[in-house]
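Text of protein-v1.pdb, listed as PDB, C-alpha atoms, pLDDT in the B column:
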ATOM      1  CA  LEU V   1       0.000   0.000   0.000  1.00 96.00           C
ATOM      2  CA  GLN V   2       2.826   2.406   0.798  1.00 97.00           C
ATOM      3  CA  LYS V   3       4.364   1.855  -2.640  1.00 97.00           C
ATOM      4  CA  MET V   4       1.010   2.172  -4.398  1.00 97.00           C
ATOM      5  CA  LEU V   5       0.389   5.460  -2.623  1.00 98.00           C
ATOM      6  CA  ASP V   6       3.886   6.818  -3.173  1.00 97.00           C
ATOM      7  CA  ASP V   7       3.987   5.893  -6.867  1.00 97.00           C
ATOM      8  CA  SER V   8       0.647   7.638  -7.379  1.00 98.00           C
ATOM      9  CA  VAL V   9       1.732  10.799  -5.570  1.00 98.00           C
ATOM     10  CA  LYS V  10       5.033  10.974  -7.487  1.00 98.00           C
ATOM     11  CA  ILE V  11       3.262  10.773 -10.834  1.00 97.00           C
ATOM     12  CA  LEU V  12       0.500  13.147  -9.752  1.00 98.00           C
ATOM     13  CA  PHE V  13       2.983  15.836  -8.733  1.00 98.00           C
ATOM     14  CA  ASP V  14       5.585  15.090 -11.392  1.00 97.00           C
ATOM     15  CA  SER V  15       8.420  14.162  -9.075  1.00 97.00           C
ATOM     16  CA  LYS V  16      10.927  11.300  -9.035  1.00 97.00           C
ATOM     17  CA  ASP V  17      11.360  11.541  -5.276  1.00 97.00           C
ATOM     18  CA  THR V  18       8.633  10.530  -2.844  1.00 98.00           C
ATOM     19  CA  ILE V  19       9.172  13.160  -0.149  1.00 98.00           C
ATOM     20  CA  THR V  20       9.701  15.929  -2.690  1.00 98.00           C
ATOM     21  CA  ALA V  21       6.312  15.043  -4.148  1.00 98.00           C
ATOM     22  CA  TRP V  22       4.607  15.059  -0.743  1.00 98.00           C
ATOM     23  CA  LYS V  23       6.206  18.376   0.175  1.00 98.00           C
ATOM     24  CA  LYS V  24       4.420  19.952  -2.772  1.00 98.00           C
ATOM     25  CA  ILE V  25       1.155  19.538  -0.855  1.00 98.00           C
ATOM     26  CA  ILE V  26       2.148  19.352   2.819  1.00 98.00           C
ATOM     27  CA  LYS V  27       4.225  22.005   4.600  1.00 98.00           C
ATOM     28  CA  GLN V  28       6.046  21.723   7.898  1.00 98.00           C
ATOM     29  CA  ASN V  29       3.740  24.209   9.632  1.00 98.00           C
ATOM     30  CA  ASP V  30       0.517  22.535   8.443  1.00 98.00           C
ATOM     31  CA  ILE V  31      -2.050  21.059  10.789  1.00 98.00           C
ATOM     32  CA  VAL V  32      -3.227  17.978   8.915  1.00 98.00           C
ATOM     33  CA  GLY V  33      -6.539  16.193   9.198  1.00 98.00           C
ATOM     34  CA  ILE V  34      -6.783  12.798   7.521  1.00 99.00           C
ATOM     35  CA  LYS V  35     -10.510  12.292   6.926  1.00 98.00           C
ATOM     36  CA  THR V  36     -11.006   8.556   6.877  1.00 98.00           C
ATOM     37  CA  ASN V  37     -14.073   6.305   6.869  1.00 98.00           C
ATOM     38  CA  VAL V  38     -14.846   3.701   9.524  1.00 97.00           C
ATOM     39  CA  TRP V  39     -17.945   1.909   8.183  1.00 96.00           C
ATOM     40  CA  ASN V  40     -17.405  -1.466   9.815  1.00 93.00           C
ATOM     41  CA  TYR V  41     -17.945  -3.640   6.731  1.00 96.00           C
ATOM     42  CA  LEU V  42     -15.588  -1.711   4.457  1.00 96.00           C
ATOM     43  CA  ARG V  43     -13.447   0.826   6.262  1.00 97.00           C
ATOM     44  CA  THR V  44     -10.360   2.714   5.172  1.00 98.00           C
ATOM     45  CA  PRO V  45      -7.515   0.276   5.869  1.00 98.00           C
ATOM     46  CA  PRO V  46      -5.466   1.309   8.928  1.00 98.00           C
ATOM     47  CA  GLU V  47      -2.365   0.376   6.933  1.00 98.00           C
ATOM     48  CA  LEU V  48      -3.234   3.079   4.396  1.00 98.00           C
ATOM     49  CA  GLU V  49      -3.989   5.610   7.135  1.00 98.00           C
ATOM     50  CA  ASN V  50      -0.559   4.895   8.626  1.00 98.00           C
ATOM     51  CA  ALA V  51       1.122   5.137   5.222  1.00 98.00           C
ATOM     52  CA  ILE V  52      -0.336   8.622   4.756  1.00 98.00           C
ATOM     53  CA  LYS V  53       0.590   9.678   8.281  1.00 98.00           C
ATOM     54  CA  LYS V  54       4.149   8.457   7.786  1.00 98.00           C
ATOM     55  CA  ARG V  55       4.654  10.682   4.761  1.00 98.00           C
ATOM     56  CA  VAL V  56       3.049  13.683   6.477  1.00 98.00           C
ATOM     57  CA  ILE V  57       5.491  13.297   9.381  1.00 98.00           C
ATOM     58  CA  GLU V  58       8.373  13.028   6.906  1.00 98.00           C
ATOM     59  CA  CYS V  59       7.266  16.394   5.507  1.00 98.00           C
ATOM     60  CA  GLY V  60       8.144  17.843   8.905  1.00 98.00           C
ATOM     61  CA  VAL V  61       4.695  17.947  10.505  1.00 98.00           C
ATOM     62  CA  SER V  62       4.779  17.017  14.188  1.00 98.00           C
ATOM     63  CA  GLU V  63       2.667  14.030  15.179  1.00 98.00           C
ATOM     64  CA  GLU V  64       0.624  16.167  17.573  1.00 98.00           C
ATOM     65  CA  ASN V  65      -0.547  18.212  14.581  1.00 98.00           C
ATOM     66  CA  ILE V  66      -1.923  15.200  12.690  1.00 98.00           C
ATOM     67  CA  GLY V  67      -5.399  13.762  13.200  1.00 98.00           C
ATOM     68  CA  ILE V  68      -7.070  10.675  11.705  1.00 98.00           C
ATOM     69  CA  LYS V  69     -10.828  10.578  12.168  1.00 98.00           C
ATOM     70  CA  ASP V  70     -14.218   9.974  10.571  1.00 98.00           C
ATOM     71  CA  ARG V  71     -17.064  10.544  13.001  1.00 96.00           C
ATOM     72  CA  GLY V  72     -16.596  13.427  15.387  1.00 97.00           C
ATOM     73  CA  VAL V  73     -14.436  15.625  13.157  1.00 98.00           C
ATOM     74  CA  LEU V  74     -16.528  18.698  13.962  1.00 97.00           C
ATOM     75  CA  ARG V  75     -15.450  18.522  17.588  1.00 97.00           C
ATOM     76  CA  ASP V  76     -11.906  17.353  17.056  1.00 98.00           C
ATOM     77  CA  PRO V  77      -9.311  20.094  17.795  1.00 98.00           C
ATOM     78  CA  ILE V  78      -7.040  19.002  14.943  1.00 98.00           C
ATOM     79  CA  PHE V  79      -9.814  19.190  12.351  1.00 98.00           C
ATOM     80  CA  GLN V  80     -11.116  22.444  13.815  1.00 98.00           C
ATOM     81  CA  LYS V  81      -7.693  24.035  13.279  1.00 98.00           C
ATOM     82  CA  ALA V  82      -6.630  22.071  10.206  1.00 98.00           C
ATOM     83  CA  THR V  83      -4.841  23.914   7.422  1.00 98.00           C
ATOM     84  CA  ALA V  84      -4.626  20.808   5.218  1.00 98.00           C
ATOM     85  CA  LEU V  85      -6.954  17.843   4.695  1.00 99.00           C
ATOM     86  CA  ILE V  86      -6.327  14.472   3.097  1.00 99.00           C
ATOM     87  CA  ASN V  87      -9.522  12.685   2.091  1.00 99.00           C
ATOM     88  CA  VAL V  88      -9.412   8.878   1.977  1.00 98.00           C
ATOM     89  CA  ARG V  89     -12.228   6.329   1.842  1.00 98.00           C
ATOM     90  CA  PRO V  90     -13.376   3.125   0.087  1.00 98.00           C
ATOM     91  CA  MET V  91     -15.831   3.242  -2.812  1.00 97.00           C
ATOM     92  CA  ARG V  92     -19.110   1.412  -2.301  1.00 97.00           C
ATOM     93  CA  THR V  93     -22.699   1.512  -3.403  1.00 97.00           C
ATOM     94  CA  HIS V  94     -24.908   3.455  -1.035  1.00 96.00           C
ATOM     95  CA  TYR V  95     -28.597   3.385  -0.122  1.00 94.00           C
ATOM     96  CA  TRP V  96     -29.072   7.177  -0.092  1.00 95.00           C
ATOM     97  CA  SER V  97     -26.489   8.532  -2.536  1.00 97.00           C
ATOM     98  CA  GLY V  98     -25.962   5.775  -5.102  1.00 97.00           C
ATOM     99  CA  VAL V  99     -22.332   5.469  -4.095  1.00 97.00           C
ATOM    100  CA  GLY V 100     -20.354   6.368  -1.017  1.00 97.00           C
ATOM    101  CA  SER V 101     -17.702   8.580  -2.545  1.00 95.00           C
ATOM    102  CA  LEU V 102     -14.950  11.058  -1.758  1.00 98.00           C
ATOM    103  CA  ILE V 103     -17.443  13.884  -2.102  1.00 98.00           C
ATOM    104  CA  LYS V 104     -19.781  12.205   0.356  1.00 98.00           C
ATOM    105  CA  ASN V 105     -16.971  11.527   2.823  1.00 98.00           C
ATOM    106  CA  TYR V 106     -17.198  15.132   4.040  1.00 98.00           C
ATOM    107  CA  ILE V 107     -20.783  14.703   5.239  1.00 98.00           C
ATOM    108  CA  MET V 108     -19.395  14.324   8.763  1.00 98.00           C
ATOM    109  CA  PHE V 109     -18.422  17.992   8.642  1.00 98.00           C
ATOM    110  CA  VAL V 110     -22.080  18.979   9.147  1.00 98.00           C
ATOM    111  CA  GLU V 111     -24.089  18.836  12.353  1.00 97.00           C
ATOM    112  CA  LYS V 112     -26.901  16.703  10.950  1.00 97.00           C
ATOM    113  CA  PRO V 113     -25.845  14.492   8.016  1.00 96.00           C
ATOM    114  CA  SER V 114     -29.398  13.262   7.408  1.00 95.00           C
ATOM    115  CA  ASP V 115     -30.351  16.786   6.305  1.00 96.00           C
ATOM    116  CA  TRP V 116     -28.292  16.144   3.160  1.00 96.00           C
ATOM    117  CA  HIS V 117     -30.074  12.951   2.092  1.00 95.00           C
ATOM    118  CA  ASP V 118     -32.790  14.675   0.024  1.00 94.00           C
ATOM    119  CA  ASP V 119     -32.891  13.995  -3.711  1.00 96.00           C
ATOM    120  CA  SER V 120     -30.279  11.212  -3.567  1.00 96.00           C
ATOM    121  CA  CYS V 121     -27.865  13.489  -1.681  1.00 97.00           C
ATOM    122  CA  ALA V 122     -27.739  15.706  -4.764  1.00 97.00           C
ATOM    123  CA  ASP V 123     -26.009  18.674  -3.155  1.00 98.00           C
ATOM    124  CA  LEU V 124     -23.237  17.015  -1.149  1.00 98.00           C
ATOM    125  CA  ALA V 125     -20.655  19.164  -2.938  1.00 98.00           C
ATOM    126  CA  ALA V 126     -22.009  22.230  -1.132  1.00 98.00           C
ATOM    127  CA  ILE V 127     -20.440  20.874   2.064  1.00 98.00           C
ATOM    128  CA  TRP V 128     -17.028  21.432   0.490  1.00 98.00           C
ATOM    129  CA  LYS V 129     -17.671  25.193   0.570  1.00 98.00           C
ATOM    130  CA  LEU V 130     -18.101  25.315   4.354  1.00 98.00           C
ATOM    131  CA  PRO V 131     -15.290  27.165   6.184  1.00 97.00           C
ATOM    132  CA  ILE V 132     -14.079  24.079   8.049  1.00 98.00           C
ATOM    133  CA  VAL V 133     -13.113  22.378   4.768  1.00 98.00           C
ATOM    134  CA  ALA V 134     -13.126  24.997   1.990  1.00 98.00           C
ATOM    135  CA  ASN V 135      -9.904  25.022  -0.061  1.00 98.00           C
ATOM    136  CA  LYS V 136      -8.075  22.801   2.429  1.00 98.00           C
ATOM    137  CA  THR V 137      -8.067  19.425   0.668  1.00 98.00           C
ATOM    138  CA  ARG V 138      -4.600  18.648  -0.680  1.00 98.00           C
ATOM    139  CA  LEU V 139      -5.133  15.036  -1.740  1.00 98.00           C
ATOM    140  CA  ASN V 140      -8.013  12.647  -2.417  1.00 98.00           C
ATOM    141  CA  ILE V 141      -7.608   8.865  -2.293  1.00 98.00           C
ATOM    142  CA  LEU V 142     -10.513   6.691  -3.388  1.00 98.00           C
ATOM    143  CA  VAL V 143      -9.806   3.210  -2.067  1.00 98.00           C
ATOM    144  CA  MET V 144     -10.636   0.580  -4.668  1.00 98.00           C
ATOM    145  CA  LEU V 145      -8.982  -2.419  -3.034  1.00 98.00           C
ATOM    146  CA  THR V 146     -12.249  -4.321  -2.513  1.00 98.00           C
ATOM    147  CA  PRO V 147     -15.096  -2.083  -3.726  1.00 98.00           C
ATOM    148  CA  GLN V 148     -18.765  -2.909  -3.188  1.00 97.00           C
ATOM    149  CA  PHE V 149     -20.820  -2.692  -6.379  1.00 97.00           C
ATOM    150  CA  HIS V 150     -24.306  -3.603  -5.100  1.00 97.00           C
ATOM    151  CA  ASN V 151     -26.231  -3.353  -1.859  1.00 94.00           C
ATOM    152  CA  ILE V 152     -29.753  -3.708  -0.480  1.00 88.00           C
ATOM    153  CA  GLY V 153     -30.961  -1.541   2.390  1.00 87.00           C
ATOM    154  CA  PRO V 154     -29.467   1.400   4.330  1.00 84.00           C
ATOM    155  CA  HIS V 155     -26.394  -0.464   5.558  1.00 85.00           C
ATOM    156  CA  GLY V 156     -26.498  -3.441   3.247  1.00 91.00           C
ATOM    157  CA  PHE V 157     -23.379  -5.510   2.770  1.00 94.00           C
ATOM    158  CA  SER V 158     -22.793  -8.819   1.026  1.00 92.00           C
ATOM    159  CA  LYS V 159     -19.485 -10.506   0.285  1.00 94.00           C
ATOM    160  CA  GLU V 160     -21.027 -11.597  -3.006  1.00 96.00           C
ATOM    161  CA  HIS V 161     -21.025  -7.986  -4.156  1.00 97.00           C
ATOM    162  CA  VAL V 162     -17.451  -7.112  -3.236  1.00 98.00           C
ATOM    163  CA  TRP V 163     -14.527  -7.946  -5.471  1.00 98.00           C
ATOM    164  CA  ASN V 164     -10.737  -7.735  -5.397  1.00 97.00           C
ATOM    165  CA  TYR V 165      -9.903  -4.770  -7.586  1.00 97.00           C
ATOM    166  CA  TYR V 166      -6.643  -3.906  -5.789  1.00 96.00           C
ATOM    167  CA  GLY V 167      -6.588  -0.255  -6.812  1.00 97.00           C
ATOM    168  CA  LEU V 168      -6.303   3.301  -5.561  1.00 98.00           C
ATOM    169  CA  ILE V 169      -7.627   6.342  -7.396  1.00 98.00           C
ATOM    170  CA  VAL V 170      -5.538   9.324  -6.363  1.00 98.00           C
ATOM    171  CA  GLY V 171      -5.973  12.953  -7.385  1.00 98.00           C
ATOM    172  CA  THR V 172      -6.434  16.555  -6.401  1.00 98.00           C
ATOM    173  CA  ASP V 173      -9.968  16.688  -7.840  1.00 98.00           C
ATOM    174  CA  PRO V 174     -12.475  14.679  -5.762  1.00 98.00           C
ATOM    175  CA  VAL V 175     -15.101  14.892  -8.494  1.00 98.00           C
ATOM    176  CA  ALA V 176     -12.805  13.419 -11.126  1.00 98.00           C
ATOM    177  CA  CYS V 177     -11.702  10.643  -8.764  1.00 98.00           C
ATOM    178  CA  ASP V 178     -15.322   9.813  -7.964  1.00 98.00           C
ATOM    179  CA  ALA V 179     -16.295   9.877 -11.646  1.00 98.00           C
ATOM    180  CA  VAL V 180     -13.596   7.315 -12.434  1.00 98.00           C
ATOM    181  CA  GLY V 181     -14.655   5.170  -9.474  1.00 98.00           C
ATOM    182  CA  LEU V 182     -18.281   5.339 -10.577  1.00 98.00           C
ATOM    183  CA  GLU V 183     -17.315   4.256 -14.098  1.00 97.00           C
ATOM    184  CA  ILE V 184     -15.648   1.166 -12.624  1.00 98.00           C
ATOM    185  CA  ILE V 185     -18.596   0.352 -10.348  1.00 98.00           C
ATOM    186  CA  GLU V 186     -21.065   0.621 -13.221  1.00 97.00           C
ATOM    187  CA  ALA V 187     -18.894  -1.576 -15.464  1.00 97.00           C
ATOM    188  CA  LYS V 188     -18.619  -4.214 -12.753  1.00 97.00           C
ATOM    189  CA  ARG V 189     -22.399  -4.205 -12.268  1.00 97.00           C
ATOM    190  CA  LYS V 190     -22.903  -4.766 -15.993  1.00 96.00           C
ATOM    191  CA  GLU V 191     -20.429  -7.648 -15.967  1.00 96.00           C
ATOM    192  CA  PHE V 192     -21.938  -9.270 -12.855  1.00 97.00           C
ATOM    193  CA  PHE V 193     -25.620  -8.877 -13.716  1.00 96.00           C
ATOM    194  CA  SER V 194     -25.141  -9.404 -17.485  1.00 93.00           C
ATOM    195  CA  ASP V 195     -27.242  -6.343 -18.272  1.00 91.00           C
ATOM    196  CA  ASP V 196     -27.413  -2.606 -17.691  1.00 89.00           C
ATOM    197  CA  ARG V 197     -28.656  -2.242 -14.141  1.00 91.00           C
ATOM    198  CA  PRO V 198     -28.520   1.444 -13.145  1.00 93.00           C
ATOM    199  CA  LEU V 199     -27.743   2.363  -9.566  1.00 96.00           C
ATOM    200  CA  ASN V 200     -30.856   3.025  -7.526  1.00 93.00           C
ATOM    201  CA  PRO V 201     -30.733   5.758  -6.427  1.00 95.00           C
ATOM    202  CA  PRO V 202     -28.466   7.258  -9.078  1.00 96.00           C
ATOM    203  CA  ALA V 203     -25.186   8.772  -7.929  1.00 98.00           C
ATOM    204  CA  LYS V 204     -26.259  12.176  -9.208  1.00 97.00           C
ATOM    205  CA  HIS V 205     -24.200  14.070  -6.635  1.00 98.00           C
ATOM    206  CA  ILE V 206     -21.037  13.421  -8.653  1.00 98.00           C
ATOM    207  CA  GLU V 207     -22.235  15.052 -11.872  1.00 98.00           C
ATOM    208  CA  LEU V 208     -23.930  17.859  -9.922  1.00 98.00           C
ATOM    209  CA  ALA V 209     -20.700  18.525  -8.045  1.00 98.00           C
ATOM    210  CA  ASP V 210     -19.427  19.600 -11.460  1.00 98.00           C
ATOM    211  CA  THR V 211     -22.433  21.152 -13.193  1.00 98.00           C
ATOM    212  CA  ARG V 212     -24.165  22.764 -10.206  1.00 98.00           C
ATOM    213  CA  HIS V 213     -21.437  23.358  -7.631  1.00 98.00           C
ATOM    214  CA  ASN V 214     -18.286  23.720  -9.759  1.00 98.00           C
ATOM    215  CA  LEU V 215     -16.279  21.602  -7.329  1.00 98.00           C
ATOM    216  CA  GLY V 216     -14.436  19.696 -10.045  1.00 98.00           C
ATOM    217  CA  ASN V 217     -14.753  17.801 -13.306  1.00 98.00           C
ATOM    218  CA  ALA V 218     -17.087  14.815 -13.727  1.00 98.00           C
ATOM    219  CA  ASP V 219     -16.663  14.447 -17.507  1.00 98.00           C
ATOM    220  CA  MET V 220     -14.622  11.312 -18.174  1.00 97.00           C
ATOM    221  CA  LYS V 221     -13.536  12.729 -21.546  1.00 97.00           C
ATOM    222  CA  LYS V 222     -11.831  15.635 -19.782  1.00 97.00           C
ATOM    223  CA  ILE V 223     -10.091  13.664 -17.038  1.00 98.00           C
ATOM    224  CA  ASP V 224      -6.333  13.212 -17.384  1.00 96.00           C
ATOM    225  CA  LEU V 225      -6.233   9.576 -16.335  1.00 96.00           C
ATOM    226  CA  VAL V 226      -2.854   7.944 -15.779  1.00 96.00           C
ATOM    227  CA  LYS V 227      -2.920   4.202 -15.087  1.00 95.00           C
ATOM    228  CA  ILE V 228      -0.158   2.415 -13.188  1.00 94.00           C
ATOM    229  CA  GLY V 229       0.115  -1.345 -12.958  1.00 91.00           C
ATOM    230  CA  PHE V 230      -2.417  -3.847 -14.222  1.00 86.00           C
ATOM    231  CA  THR V 231      -4.810  -3.175 -17.079  1.00 85.00           C
ATOM    232  CA  GLU V 232      -6.750  -6.436 -17.286  1.00 89.00           C
ATOM    233  CA  GLY V 233     -10.045  -6.115 -15.452  1.00 91.00           C
ATOM    234  CA  SER V 234      -9.541  -2.412 -14.771  1.00 95.00           C
ATOM    235  CA  PHE V 235     -12.783  -1.429 -16.581  1.00 94.00           C
ATOM    236  CA  ILE V 236     -11.222   1.898 -17.635  1.00 92.00           C
TER     237      ILE V 236
END

The structure given in the file should be rewritten as structure tokens.
Amino acid sequence: LQKMLDDSVKILFDSKDTITAWKKIIKQNDIVGIKTNVWNYLRTPPELENAIKKRVIECGVSEENIGIKDRGVLRDPIFQKATALINVRPMRTHYWSGVGSLIKNYIMFVEKPSDWHDDSCADLAAIWKLPIVANKTRLNILVMLTPQFHNIGPHGFSKEHVWNYYGLIVGTDPVACDAVGLEIIEAKRKEFFSDDRPLNPPAKHIELADTRHNLGNADMKKIDLVKIGFTEGSFI
């Protein structure tokens, strides 16, 4: 995981050296919040959290100025004072939003997340404009190690609908990362079900993050996608 992360960051920031690449986004005086996801069936791997933290420390940030949290970020002193955020979570289908995505991962930065469930969570990108997170996200990591491509019910999980993809989608644009992840999820659903079976509800918040909220780019034709490693079964 450390090598996967480092290789991605080096290519993303056009650097041959790992720490030089990380120092392009993390400064010694930063207070860094690593926004993770702890859903018990498919959480952000602790090994990946530690890999990120290791590189942040190597950028000169003291350990006391680094926080790793999902629930409770609003009341966490590190996240309250954070100057830099790193957003990392697994991709999975979701009962309210179509998919649980990088955009959706910031829903814990509001007092009442359920208030954002209307219309398939269409306006999740608006959360990214709140002062606690606005313009602070330095890196987005969509975990595609074992994504979930189908679920039933609010917290539905089935091992039948999880597969070993062994990937990370890394970028500075959360919308573009989510759009690529969604493309993979939809392709896997078509392969598994042998027909076009649209997500229900649709993951409209990703496209609207682009067209309504101008958070980033959701158009696959405009995404500068660089693939490292395997190509067979990548769906992109």

Of the listed residues V:Leu74, V:Ala187, V:Leu130, V:Ile206, that which approaches Gly98 in chain V most closely, counting only C-alpha atoms: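 Of all the options, V:Ile206 lies closest to Gly98 in chain V.
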
CA of Val99 in chain V and CA of Ile152 in chain V are how many Å apart? 12.3 Å

Would you write out, as a ChimeraX atom specification, every residue that the PyMOL selection byres ((chain V and resi 140-142) around 8) captures in this file? /V:86-91,101-102,137-139,143-144,168-174,177-178,181

Looking at V:Pro154, V:Pro45, V:Gly233, V:Gly33, which one is nearest to Ile68 in chain V, with distances taken over only C-alpha atoms? V:Gly33

Residue neighbourhood Val226 in chain V, 9 Å, only C-alpha atoms, exclusion window fewer than 2 positions, as a list in words: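 Neighbouring residues, sequence-local ones excluded: Ile11, Leu12, Asp224 and Ile228 of chain V.
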
Give me the residues near Trp96 in chain V as a PDB file with C-alpha atoms, in the coordinates of the input, where near means some atom within 7 Å (using only C-alpha atoms) and where sequence neighbours in that chain fewer than 2 positions away do not count.
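Final output, saved to result-v2.pdb:
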ATOM      1  CA  HIS V  94     -24.908   3.455  -1.035  1.00 96.00           C
ATOM      2  CA  GLY V  98     -25.962   5.775  -5.102  1.00 97.00           C
ATOM      3  CA  HIS V 117     -30.074  12.951   2.092  1.00 95.00           C
ATOM      4  CA  SER V 120     -30.279  11.212  -3.567  1.00 96.00           C
ATOM      5  CA  CYS V 121     -27.865  13.489  -1.681  1.00 97.00           C
ATOM      6  CA  PRO V 201     -30.733   5.758  -6.427  1.00 95.00           C
TER       7      PRO V 201
END

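Nearest residue to Met4 in chain V among V:Ala179, V:Glu160, V:Lys227, V:Gly216 is V:Lys227, counting all atoms listed in the file.
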
Close residues, Ala84 in chain V itself excluded, 12 Å, all atoms listed in the file, min 2 positions apart in chain, as an NGL selection string: :V and (25-35 or 56 or 61 or 65-67 or 78-82 or 86-87 or 132-140)

CA of Thr146 in chain V to CA of Ser97 in chain V, distance in Å rounded to a single decimal: 19.2 Å

Any chance you could resolve the PyMOL selection byres ((chain V and resi 18) around 10) against this file and give the residues as a list in words? Lys3, Leu5, Asp6, Asp7, Ser8, Val9, Lys10, Ile11, Phe13, Ser15, Lys16, Asp17, Ile19, Thr20, Ala21, Trp22, Lys23 and Arg55 of chain V
